[in-house]
file input.pdb (PDB, C-alpha atoms)
ATOM      1  CA  ALA X 480     148.797  95.777  70.987
ATOM      2  CA  VAL X 481     150.676  93.328  68.776
ATOM      3  CA  LEU X 482     151.093  94.464  65.170
ATOM      4  CA  PRO X 483     151.664  92.002  62.309
ATOM      5  CA  GLY X 484     155.292  91.479  61.349
ATOM      6  CA  THR X 485     156.654  93.098  64.503
ATOM      7  CA  PRO X 486     157.939  91.734  67.826
ATOM      8  CA  ALA X 487     156.410  92.530  71.214
ATOM      9  CA  PRO X 488     157.905  91.479  74.580
ATOM     10  CA  PHE X 489     155.674  90.371  77.463
ATOM     11  CA  HIS X 490     156.448  89.645  81.099
ATOM     12  CA  VAL X 491     153.907  87.002  82.129
ATOM     13  CA  PHE X 492     153.240  86.589  85.853
ATOM     14  CA  GLU X 493     149.467  86.158  86.417
ATOM     15  CA  PRO X 494     148.424  82.489  86.812
ATOM     16  CA  ARG X 495     145.860  82.643  83.973
ATOM     17  CA  TYR X 496     148.391  84.044  81.504
ATOM     18  CA  ARG X 497     151.085  81.636  82.666
ATOM     19  CA  ALA X 498     148.628  78.831  81.887
ATOM     20  CA  LEU X 499     147.924  80.376  78.467
ATOM     21  CA  VAL X 500     151.634  80.557  77.618
ATOM     22  CA  ALA X 501     152.270  77.004  78.848
ATOM     23  CA  ASP X 502     149.437  75.658  76.654
ATOM     24  CA  ALA X 503     150.520  77.740  73.649
ATOM     25  CA  LEU X 504     154.077  76.403  73.958
ATOM     26  CA  GLU X 505     152.742  72.858  73.944
ATOM     27  CA  GLY X 506     150.649  73.598  70.855
ATOM     28  CA  ASP X 507     151.190  75.880  67.842
ATOM     29  CA  LYS X 508     152.697  78.725  69.943
ATOM     30  CA  ILE X 509     150.026  81.115  68.627
ATOM     31  CA  LEU X 510     147.978  83.401  70.859
ATOM     32  CA  ALA X 511     145.941  86.588  70.536
ATOM     33  CA  VAL X 512     146.463  89.719  72.627
ATOM     34  CA  PRO X 513     143.208  91.712  72.820
ATOM     35  CA  SER X 514     142.914  95.098  74.510
ATOM     36  CA  LEU X 515     140.423  96.136  77.146
ATOM     37  CA  PHE X 516     138.170  99.148  76.663
ATOM     38  CA  GLY X 517     139.472 100.895  79.773
ATOM     39  CA  LYS X 518     141.775 100.480  82.749
ATOM     40  CA  SER X 519     138.774 100.156  85.051
ATOM     41  CA  ASP X 520     137.929  96.855  83.330
ATOM     42  CA  ALA X 521     141.274  95.300  84.235
ATOM     43  CA  MET X 522     140.060  94.072  87.635
ATOM     44  CA  ALA X 523     136.858  92.482  86.291
ATOM     45  CA  LEU X 524     136.775  88.707  86.018
ATOM     46  CA  ARG X 525     135.651  88.625  82.369
ATOM     47  CA  PRO X 526     135.866  92.213  81.102
ATOM     48  CA  PRO X 527     134.714  93.090  77.594
ATOM     49  CA  VAL X 528     137.592  93.072  75.099
ATOM     50  CA  ARG X 529     138.038  94.843  71.779
ATOM     51  CA  ALA X 530     136.995  92.551  68.968
ATOM     52  CA  ILE X 531     139.957  93.187  66.653
ATOM     53  CA  CYS X 532     143.435  92.457  67.914
ATOM     54  CA  GLY X 533     146.812  91.131  66.916
ATOM     55  CA  ALA X 534     147.610  87.424  66.936
ATOM     56  CA  GLY X 535     151.196  86.328  67.166
ATOM     57  CA  ILE X 536     153.551  83.404  67.549
ATOM     58  CA  ILE X 537     155.841  82.975  70.542
ATOM     59  CA  GLU X 538     159.328  83.355  69.064
ATOM     60  CA  ALA X 539     161.436  83.262  72.215
ATOM     61  CA  VAL X 540     160.744  82.255  75.794
ATOM     62  CA  GLU X 541     162.502  82.360  79.138
ATOM     63  CA  ARG X 542     160.794  80.491  81.959
ATOM     64  CA  HIS X 543     161.718  81.525  85.488
ATOM     65  CA  GLU X 544     161.884  79.145  88.448
ATOM     66  CA  ASP X 545     158.805  80.709  90.058
ATOM     67  CA  GLY X 546     156.699  80.026  86.942
ATOM     68  CA  ARG X 547     156.886  83.490  85.391
ATOM     69  CA  TYR X 548     157.738  83.836  81.705
ATOM     70  CA  ASP X 549     159.451  86.435  79.571
ATOM     71  CA  ILE X 550     158.275  85.893  76.020
ATOM     72  CA  LEU X 551     158.729  87.568  72.655
ATOM     73  CA  VAL X 552     155.633  87.424  70.461
ATOM     74  CA  ARG X 553     155.896  88.211  66.750
ATOM     75  CA  GLY X 554     152.665  89.485  65.246
ATOM     76  CA  ILE X 555     151.423  87.401  62.327
ATOM     77  CA  ALA X 556     147.887  88.666  61.657
ATOM     78  CA  ARG X 557     144.953  90.827  62.621
ATOM     79  CA  VAL X 558     142.061  88.751  63.924
ATOM     80  CA  ARG X 559     138.461  89.429  64.878
ATOM     81  CA  LEU X 560     137.263  87.680  68.014
ATOM     82  CA  LEU X 561     133.848  86.140  67.476
ATOM     83  CA  ASP X 562     131.992  84.120  70.103
ATOM     84  CA  GLU X 563     133.630  83.310  73.411
ATOM     85  CA  ARG X 564     133.874  79.627  74.234
ATOM     86  CA  PRO X 565     132.687  78.245  77.582
ATOM     87  CA  GLN X 566     135.512  78.581  80.069
ATOM     88  CA  ARG X 567     137.487  75.335  80.437
ATOM     89  CA  ARG X 568     140.819  76.796  81.496
ATOM     90  CA  LEU X 569     142.095  79.697  83.592
ATOM     91  CA  TYR X 570     142.251  81.950  80.525
ATOM     92  CA  ARG X 571     139.554  82.925  78.042
ATOM     93  CA  GLU X 572     139.158  81.339  74.606
ATOM     94  CA  PHE X 573     137.435  82.804  71.555
ATOM     95  CA  ARG X 574     136.639  81.634  68.074
ATOM     96  CA  ALA X 575     138.411  84.057  65.723
ATOM     97  CA  GLU X 576     138.664  84.911  62.042
ATOM     98  CA  LEU X 577     141.429  86.569  60.060
ATOM     99  CA  VAL X 578     141.008  90.246  59.183
ATOM    100  CA  GLU X 579     142.342  90.701  55.658
ATOM    101  CA  ASP X 580     143.998  93.914  54.459
ATOM    102  CA  ARG X 581     141.849  96.059  52.169
ATOM    103  CA  LEU X 582     143.723  97.771  49.325
ATOM    104  CA  PRO X 583     142.334 100.484  47.013
ATOM    105  CA  ALA X 584     141.172  99.666  43.494
ATOM    106  CA  GLY X 585     144.627 100.400  42.088
ATOM    107  CA  GLY X 586     146.292  97.974  44.503
ATOM    108  CA  ALA X 587     149.512  98.665  46.375
ATOM    109  CA  GLU X 588     150.767 100.937  43.571
ATOM    110  CA  ALA X 589     147.921 103.385  44.256
ATOM    111  CA  LEU X 590     149.306 103.861  47.771
ATOM    112  CA  ALA X 591     152.764 104.965  46.592
ATOM    113  CA  PRO X 592     152.224 108.684  47.458
ATOM    114  CA  ARG X 593     151.047 107.798  50.991
ATOM    115  CA  VAL X 594     153.959 105.404  51.476
ATOM    116  CA  GLU X 595     156.385 108.110  50.332
ATOM    117  CA  SER X 596     154.857 110.605  52.774
ATOM    118  CA  LEU X 597     155.339 108.138  55.619
ATOM    119  CA  ARG X 598     158.927 107.411  54.526
ATOM    120  CA  GLN X 599     159.711 111.136  54.539
ATOM    121  CA  ILE X 600     158.221 111.741  57.980
ATOM    122  CA  VAL X 601     160.153 108.741  59.387
ATOM    123  CA  LEU X 602     163.323 110.162  57.822
ATOM    124  CA  ASP X 603     162.544 113.503  59.460
ATOM    125  CA  LEU X 604     162.010 111.711  62.783
ATOM    126  CA  SER X 605     165.349 109.895  62.483
ATOM    127  CA  SER X 606     167.158 113.196  61.910
ATOM    128  CA  ARG X 607     165.770 114.556  65.203
ATOM    129  CA  LEU X 608     166.556 111.578  67.447
ATOM    130  CA  PRO X 609     169.907 110.236  68.698
ATOM    131  CA  SER X 610     171.374 107.275  66.814
ATOM    132  CA  GLU X 611     170.841 104.919  69.774
ATOM    133  CA  SER X 612     167.065 105.429  69.497
ATOM    134  CA  GLY X 613     166.909 103.062  66.523
ATOM    135  CA  ALA X 614     165.101 105.657  64.381
ATOM    136  CA  THR X 615     167.833 105.593  61.721
ATOM    137  CA  GLN X 616     167.512 101.810  61.385
ATOM    138  CA  LEU X 617     163.747 102.229  61.139
ATOM    139  CA  ALA X 618     164.115 104.781  58.325
ATOM    140  CA  GLU X 619     166.543 102.464  56.500
ATOM    141  CA  ALA X 620     164.213  99.480  56.870
ATOM    142  CA  VAL X 621     161.205 101.467  55.629
ATOM    143  CA  ALA X 622     163.217 102.707  52.623
ATOM    144  CA  GLN X 623     163.858  99.090  51.566
ATOM    145  CA  MET X 624     160.347  97.723  52.136
ATOM    146  CA  LYS X 625     157.689  97.502  49.428
ATOM    147  CA  ASP X 626     154.506  96.268  51.129
ATOM    148  CA  PRO X 627     152.427  99.298  52.285
ATOM    149  CA  SER X 628     150.656  97.286  54.991
ATOM    150  CA  ALA X 629     153.934  95.994  56.456
ATOM    151  CA  ILE X 630     155.461  99.485  56.342
ATOM    152  CA  ALA X 631     152.522 101.003  58.249
ATOM    153  CA  ASP X 632     152.632  98.261  60.890
ATOM    154  CA  LEU X 633     156.406  98.413  61.365
ATOM    155  CA  VAL X 634     156.410 102.189  61.833
ATOM    156  CA  ALA X 635     153.418 102.016  64.179
ATOM    157  CA  ALA X 636     155.107  99.336  66.292
ATOM    158  CA  ALA X 637     158.297 101.406  66.545
ATOM    159  CA  ALA X 638     156.941 104.937  66.860
ATOM    160  CA  VAL X 639     153.374 104.842  68.234
ATOM    161  CA  SER X 640     153.377 104.004  71.943
ATOM    162  CA  ASP X 641     150.090 105.574  73.082
ATOM    163  CA  PRO X 642     147.635 102.635  73.521
ATOM    164  CA  GLU X 643     144.574 104.324  71.996
ATOM    165  CA  PRO X 644     146.064 105.383  68.619
ATOM    166  CA  ARG X 645     147.943 102.072  68.507
ATOM    167  CA  GLN X 646     144.675 100.170  68.935
ATOM    168  CA  LYS X 647     143.052 102.212  66.141
ATOM    169  CA  ILE X 648     145.938 101.218  63.865
ATOM    170  CA  VAL X 649     145.486  97.555  64.819
ATOM    171  CA  GLU X 650     141.759  97.801  64.020
ATOM    172  CA  GLU X 651     142.204  99.526  60.647
ATOM    173  CA  ALA X 652     142.025  96.939  57.859
ATOM    174  CA  ASP X 653     141.927  99.632  55.145
ATOM    175  CA  VAL X 654     145.631 100.049  54.336
ATOM    176  CA  SER X 655     145.143 103.543  52.899
ATOM    177  CA  ARG X 656     143.528 104.788  56.116
ATOM    178  CA  ARG X 657     146.092 102.934  58.225
ATOM    179  CA  LEU X 658     148.943 104.697  56.417
ATOM    180  CA  ASP X 659     147.222 108.030  57.086
ATOM    181  CA  LEU X 660     146.779 107.201  60.787
ATOM    182  CA  VAL X 661     150.429 106.207  61.213
ATOM    183  CA  THR X 662     151.702 109.227  59.251
ATOM    184  CA  SER X 663     149.591 111.550  61.407
ATOM    185  CA  GLU X 664     150.883 109.976  64.642
ATOM    186  CA  VAL X 665     154.546 110.181  63.571
ATOM    187  CA  ALA X 666     154.050 113.765  62.348
ATOM    188  CA  GLY X 667     152.770 114.591  65.822
ATOM    189  CA  VAL X 668     155.954 113.165  67.376
ATOM    190  CA  VAL X 669     158.106 115.161  64.942
ATOM    191  CA  LEU X 670     156.157 118.319  65.787
ATOM    192  CA  LEU X 671     156.705 117.775  69.516
ATOM    193  CA  LEU X 672     160.422 117.196  68.954
ATOM    194  CA  SER X 673     160.755 120.309  66.797
ATOM    195  CA  ARG X 674     158.953 122.419  69.434
ATOM    196  CA  GLY X 675     161.214 120.947  72.085
ATOM    197  CA  ARG X 676     164.328 121.977  70.217
ATOM    198  CA  GLY X 677     163.074 125.404  69.325
ATOM    199  CA  GLY X 678     161.388 126.085  72.650
ATOM    200  CA  PRO X 679     162.643 128.241  75.485
ATOM    201  CA  LYS X 680     165.699 127.079  77.378
ATOM    202  CA  HIS X 681     165.439 126.707  81.154
TER     203      HIS X 681
END

call {"tool": "encode", "arguments": {"input": "input.pdb", "output": "structure tokens"}}
result
Amino acid sequence: AVLPGTPAPFHVFEPRYRALVADALEGDKILAVPSLFGKSDAMALRPPVRAICGAGIIEAVERHEDGRYDILVRGIARVRLLDERPQRRLYREFRAELVEDRLPAGGAEALAPRVESLRQIVLDLSSRLPSESGATQLAEAVAQMKDPSAIADLVAAAAVSDPEPRQKIVEEADVSRRLDLVTSEVAGVVLLLSRGRGGPKH
């Protein structure tokens, strides 16, 4: 799942996705990356996809001689896929609308306690991981950022790898709930790391 404001690399080898990338590069370089409901759907010709996904812009591209691509997509928005258009190309096309962030009545300021909780748990995470993991840079970046939505998405992109929780974070337009989801996921990682360190030695 592509999260707004964050980069995601893709290795593109299937003909339909190679066609999608080629057309995107000739146009506005924007594409959406929806998730399937389950792995069993992956082999279906037109499997159902989750309605809310990340849309991004192709920032960097390497085209291989055999037609494969390595691309870097930077998330720019959450979108909701609406009706699917009749198939004209190898890939599927949907009409989509932007999914706007929802802030509480008090605005971003009302989320300050949640943002601080997430900052603290990221700091805790960085203290438990080696410097080459990038966790320290993540903690430093989060300390400097002000936008609660961007903070939640950046931490999720860096620290939440499990597809299901990641998809829930992509789908959550309510920034307060999204912060809670991300904080809970990172707290779970910290808990696992702390058990690992304090657990029995083999």

call {"tool": "closest_atom_pairs", "arguments": {"input": "input.pdb", "of": "stretch 491-596 of chain X", "to": "stretch 660-665 of chain X", "cutoff": "10 Å", "atoms": "only C-alpha atoms", "output": "CSV"}}
result
residue,atom,partner,partner_atom,distance
X:Arg593,CA,X:Thr662,CA,8.4
X:Val594,CA,X:Thr662,CA,9.0
X:Ser596,CA,X:Thr662,CA,7.3

call {"tool": "closest_residue", "arguments": {"input": "input.pdb", "among": "X:Arg656, X:Arg557, X:Lys508, X:Arg497", "to": "X:Asp545", "atoms": "all atoms listed in the file"}}
result
X:Arg497

call {"tool": "closest_atom_pairs", "arguments": {"input": "input.pdb", "of": "stretch 503-561 of chain X", "to": "stretch 623-632 of chain X", "cutoff": "12 Å", "atoms": "all atoms listed in the file", "output": "Markdown table"}}
result
| residue | atom | partner | partner_atom | distance |
| --- | --- | --- | --- | --- |
| X:Gly533 | CA | X:Asp632 | CA | 11.0 |
| X:Gly554 | CA | X:Asp632 | CA | 9.8 |
| X:Ile555 | CA | X:Ala629 | CA | 10.7 |
| X:Ala556 | CA | X:Asp632 | CA | 10.7 |
| X:Arg557 | CA | X:Asp632 | CA | 10.8 |

call {"tool": "closest_residue", "arguments": {"input": "input.pdb", "among": "X:Gly535, X:Pro592, X:Gly585, X:Gly667", "to": "X:Val552", "atoms": "only C-alpha atoms"}}
result
X:Gly535

call {"tool": "resolve_selection", "arguments": {"input": "input.pdb", "expression": "the PyMOL selection byres ((chain X and resi 501) around 12)", "output": "JSON, numbers by chain"}}
result
{"X": [491, 492, 494, 495, 496, 497, 498, 499, 500, 502, 503, 504, 505, 506, 507, 508, 509, 510, 537, 540, 541, 542, 546, 547, 548, 549, 550, 568, 569, 570]}

call {"tool": "write_last_selection", "arguments": {"input": "input.pdb", "atoms": "C-alpha atoms", "output": "mmCIF file, in the frame of the given file"}}
result
data_model
loop_
_atom_site.group_PDB
_atom_site.id
_atom_site.type_symbol
_atom_site.label_atom_id
_atom_site.label_comp_id
_atom_site.auth_asym_id
_atom_site.auth_seq_id
_atom_site.Cartn_x
_atom_site.Cartn_y
_atom_site.Cartn_z
ATOM 1 C CA VAL X 491 153.907 87.002 82.129
ATOM 2 C CA PHE X 492 153.240 86.589 85.853
ATOM 3 C CA PRO X 494 148.424 82.489 86.812
ATOM 4 C CA ARG X 495 145.860 82.643 83.973
ATOM 5 C CA TYR X 496 148.391 84.044 81.504
ATOM 6 C CA ARG X 497 151.085 81.636 82.666
ATOM 7 C CA ALA X 498 148.628 78.831 81.887
ATOM 8 C CA LEU X 499 147.924 80.376 78.467
ATOM 9 C CA VAL X 500 151.634 80.557 77.618
ATOM 10 C CA ASP X 502 149.437 75.658 76.654
ATOM 11 C CA ALA X 503 150.520 77.740 73.649
ATOM 12 C CA LEU X 504 154.077 76.403 73.958
ATOM 13 C CA GLU X 505 152.742 72.858 73.944
ATOM 14 C CA GLY X 506 150.649 73.598 70.855
ATOM 15 C CA ASP X 507 151.190 75.880 67.842
ATOM 16 C CA LYS X 508 152.697 78.725 69.943
ATOM 17 C CA ILE X 509 150.026 81.115 68.627
ATOM 18 C CA LEU X 510 147.978 83.401 70.859
ATOM 19 C CA ILE X 537 155.841 82.975 70.542
ATOM 20 C CA VAL X 540 160.744 82.255 75.794
ATOM 21 C CA GLU X 541 162.502 82.360 79.138
ATOM 22 C CA ARG X 542 160.794 80.491 81.959
ATOM 23 C CA GLY X 546 156.699 80.026 86.942
ATOM 24 C CA ARG X 547 156.886 83.490 85.391
ATOM 25 C CA TYR X 548 157.738 83.836 81.705
ATOM 26 C CA ASP X 549 159.451 86.435 79.571
ATOM 27 C CA ILE X 550 158.275 85.893 76.020
ATOM 28 C CA ARG X 568 140.819 76.796 81.496
ATOM 29 C CA LEU X 569 142.095 79.697 83.592
ATOM 30 C CA TYR X 570 142.251 81.950 80.525
#

call {"tool": "closest_residue", "arguments": {"input": "input.pdb", "among": "X:Pro513, X:Glu538, X:Val601, X:Leu551", "to": "X:Pro488", "atoms": "all atoms listed in the file"}}
result
X:Leu551

call {"tool": "resolve_selection", "arguments": {"input": "input.pdb", "expression": "the PyMOL selection byres ((chain X and resi 636) around 9)", "output": "PyMOL selection string"}}
result
chain X and resi 480-482+485-487+631-635+637-640+645

call {"tool": "residues_around", "arguments": {"input": "input.pdb", "residues": "X:Glu650", "least_positions_apart": "3", "cutoff": "8 Å", "atoms": "all atoms listed in the file", "output": "number ranges by chain"}}
result
X: 531-532, 557, 646-647

call {"tool": "write_last_selection", "arguments": {"input": "input.pdb", "atoms": "C-alpha atoms", "output": "mmCIF file, in the coordinates of the input"}}
result
data_model
loop_
_atom_site.group_PDB
_atom_site.id
_atom_site.type_symbol
_atom_site.label_atom_id
_atom_site.label_comp_id
_atom_site.auth_asym_id
_atom_site.auth_seq_id
_atom_site.Cartn_x
_atom_site.Cartn_y
_atom_site.Cartn_z
ATOM 1 C CA ILE X 531 139.957 93.187 66.653
ATOM 2 C CA CYS X 532 143.435 92.457 67.914
ATOM 3 C CA ARG X 557 144.953 90.827 62.621
ATOM 4 C CA GLN X 646 144.675 100.170 68.935
ATOM 5 C CA LYS X 647 143.052 102.212 66.141
#

call {"tool": "atom_distance", "arguments": {"input": "input.pdb", "atom1": "atom CA of X:Leu560", "atom2": "atom CA of X:Arg529"}}
result
8.1 Å

call {"tool": "closest_residue", "arguments": {"input": "input.pdb", "among": "X:Val668, X:Ala614, X:Ser655, X:Arg525", "to": "X:Ala584", "atoms": "all atoms listed in the file"}}
result
X:Ser655

call {"tool": "resolve_selection", "arguments": {"input": "input.pdb", "expression": "the PyMOL selection byres ((chain X and resi 577) around 9)", "output": "compact mmCIF listing (two decimals) with C-alpha atoms, keeping the file's coordinate frame"}}
result
# COMPACT_ATOMS: atom_id res chain seq x y z
CA ALA X 556 147.89 88.67 61.66
CA ARG X 557 144.95 90.83 62.62
CA VAL X 558 142.06 88.75 63.92
CA ARG X 559 138.46 89.43 64.88
CA ALA X 575 138.41 84.06 65.72
CA GLU X 576 138.66 84.91 62.04
CA VAL X 578 141.01 90.25 59.18
CA GLU X 579 142.34 90.70 55.66

call {"tool": "residues_around", "arguments": {"input": "input.pdb", "residues": "X:Glu572", "least_positions_apart": "6", "cutoff": "9 Å", "atoms": "all atoms listed in the file", "output": "PyMOL selection string"}}
result
chain X and resi 562-566

call {"tool": "atom_distance", "arguments": {"input": "input.pdb", "atom1": "atom CA of X:Val621", "atom2": "atom CA of X:Arg553"}}
result
18.1 Å

call {"tool": "atom_distance", "arguments": {"input": "input.pdb", "atom1": "atom CA of X:Phe489", "atom2": "atom CA of X:Leu602"}}
result
28.9 Å

call {"tool": "closest_residue", "arguments": {"input": "input.pdb", "among": "X:Ala534, X:Asp659, X:Pro642, X:Arg607", "to": "X:Leu515", "atoms": "only C-alpha atoms"}}
result
X:Pro642

call {"tool": "decode", "arguments": {"input": "input.pdb", "residues": "stretch 493-518 of chain X", "atoms": "N, CA, C and O atoms", "output": "compact mmCIF listing (two decimals), in the first residue's frame"}}
result
# COMPACT_ATOMS: atom_id res chain seq x y z
N GLU X 493 4.84 -7.82 -15.02
CA GLU X 493 3.68 -8.35 -15.74
C GLU X 493 3.32 -7.42 -16.90
O GLU X 493 3.37 -6.20 -16.74
N PRO X 494 2.92 -7.98 -18.05
CA PRO X 494 2.61 -7.14 -19.22
C PRO X 494 1.59 -6.04 -18.94
O PRO X 494 1.75 -4.91 -19.39
N ARG X 495 0.53 -6.36 -18.14
CA ARG X 495 -0.51 -5.34 -17.92
C ARG X 495 0.04 -4.17 -17.10
O ARG X 495 -0.31 -3.02 -17.35
N TYR X 496 0.93 -4.47 -16.14
CA TYR X 496 1.47 -3.38 -15.32
C TYR X 496 2.58 -2.63 -16.06
O TYR X 496 2.79 -1.45 -15.84
N ARG X 497 3.28 -3.33 -16.94
CA ARG X 497 4.26 -2.64 -17.79
C ARG X 497 3.54 -1.65 -18.69
O ARG X 497 4.01 -0.53 -18.90
N ALA X 498 2.39 -2.05 -19.21
CA ALA X 498 1.59 -1.15 -20.05
C ALA X 498 1.09 0.05 -19.25
O ALA X 498 1.10 1.19 -19.73
N LEU X 499 0.67 -0.21 -18.01
CA LEU X 499 0.21 0.87 -17.12
C LEU X 499 1.33 1.89 -16.87
O LEU X 499 1.12 3.10 -17.00
N VAL X 500 2.52 1.39 -16.55
CA VAL X 500 3.65 2.29 -16.28
C VAL X 500 4.02 3.07 -17.53
O VAL X 500 4.25 4.28 -17.48
N ALA X 501 4.06 2.41 -18.68
CA ALA X 501 4.40 3.09 -19.93
C ALA X 501 3.43 4.22 -20.22
O ALA X 501 3.83 5.34 -20.57
N ASP X 502 2.12 3.96 -20.03
CA ASP X 502 1.11 5.00 -20.27
C ASP X 502 1.21 6.13 -19.25
O ASP X 502 1.06 7.31 -19.59
N ALA X 503 1.45 5.76 -17.98
CA ALA X 503 1.59 6.79 -16.94
C ALA X 503 2.77 7.70 -17.23
O ALA X 503 2.69 8.92 -17.06
N LEU X 504 3.87 7.11 -17.69
CA LEU X 504 5.07 7.92 -17.99
C LEU X 504 4.84 8.86 -19.16
O LEU X 504 5.44 9.94 -19.22
N GLU X 505 3.96 8.48 -20.06
CA GLU X 505 3.63 9.35 -21.19
C GLU X 505 2.63 10.43 -20.79
O GLU X 505 2.47 11.43 -21.49
N GLY X 506 1.95 10.24 -19.67
CA GLY X 506 0.94 11.18 -19.22
C GLY X 506 1.41 11.97 -18.00
O GLY X 506 2.52 12.51 -17.99
N ASP X 507 0.59 11.95 -16.94
CA ASP X 507 0.89 12.76 -15.74
C ASP X 507 1.73 12.01 -14.71
O ASP X 507 2.01 12.54 -13.64
N LYS X 508 2.11 10.77 -15.01
CA LYS X 508 2.93 9.92 -14.14
C LYS X 508 2.20 9.49 -12.87
O LYS X 508 2.83 8.99 -11.94
N ILE X 509 0.90 9.67 -12.83
CA ILE X 509 0.13 9.33 -11.62
C ILE X 509 -0.60 8.01 -11.83
O ILE X 509 -1.17 7.75 -12.89
N LEU X 510 -0.56 7.16 -10.80
CA LEU X 510 -1.29 5.90 -10.83
C LEU X 510 -1.76 5.57 -9.42
O LEU X 510 -1.26 6.12 -8.44
N ALA X 511 -2.73 4.67 -9.34
CA ALA X 511 -3.23 4.21 -8.04
C ALA X 511 -2.82 2.76 -7.84
O ALA X 511 -2.67 2.01 -8.80
N VAL X 512 -2.60 2.39 -6.58
CA VAL X 512 -2.14 1.03 -6.26
C VAL X 512 -3.12 0.40 -5.26
O VAL X 512 -2.89 0.43 -4.05
N PRO X 513 -4.24 -0.16 -5.76
CA PRO X 513 -5.20 -0.78 -4.85
C PRO X 513 -4.74 -2.15 -4.38
O PRO X 513 -3.92 -2.80 -5.02
N SER X 514 -5.29 -2.58 -3.26
CA SER X 514 -4.99 -3.91 -2.71
C SER X 514 -6.14 -4.86 -3.00
O SER X 514 -7.29 -4.45 -3.11
N LEU X 515 -5.78 -6.14 -3.11
CA LEU X 515 -6.80 -7.17 -3.24
C LEU X 515 -7.32 -7.54 -1.86
O LEU X 515 -6.71 -7.22 -0.84
N PHE X 516 -8.43 -8.26 -1.82
CA PHE X 516 -8.99 -8.69 -0.54
C PHE X 516 -8.25 -9.90 0.01
O PHE X 516 -8.17 -10.09 1.21
N GLY X 517 -7.69 -10.72 -0.87
CA GLY X 517 -6.97 -11.90 -0.40
C GLY X 517 -6.04 -12.41 -1.48
O GLY X 517 -6.20 -12.10 -2.66
N LYS X 518 -5.06 -13.21 -1.06
CA LYS X 518 -4.08 -13.75 -2.02
C LYS X 518 -4.75 -14.63 -3.06
O LYS X 518 -4.28 -14.73 -4.19
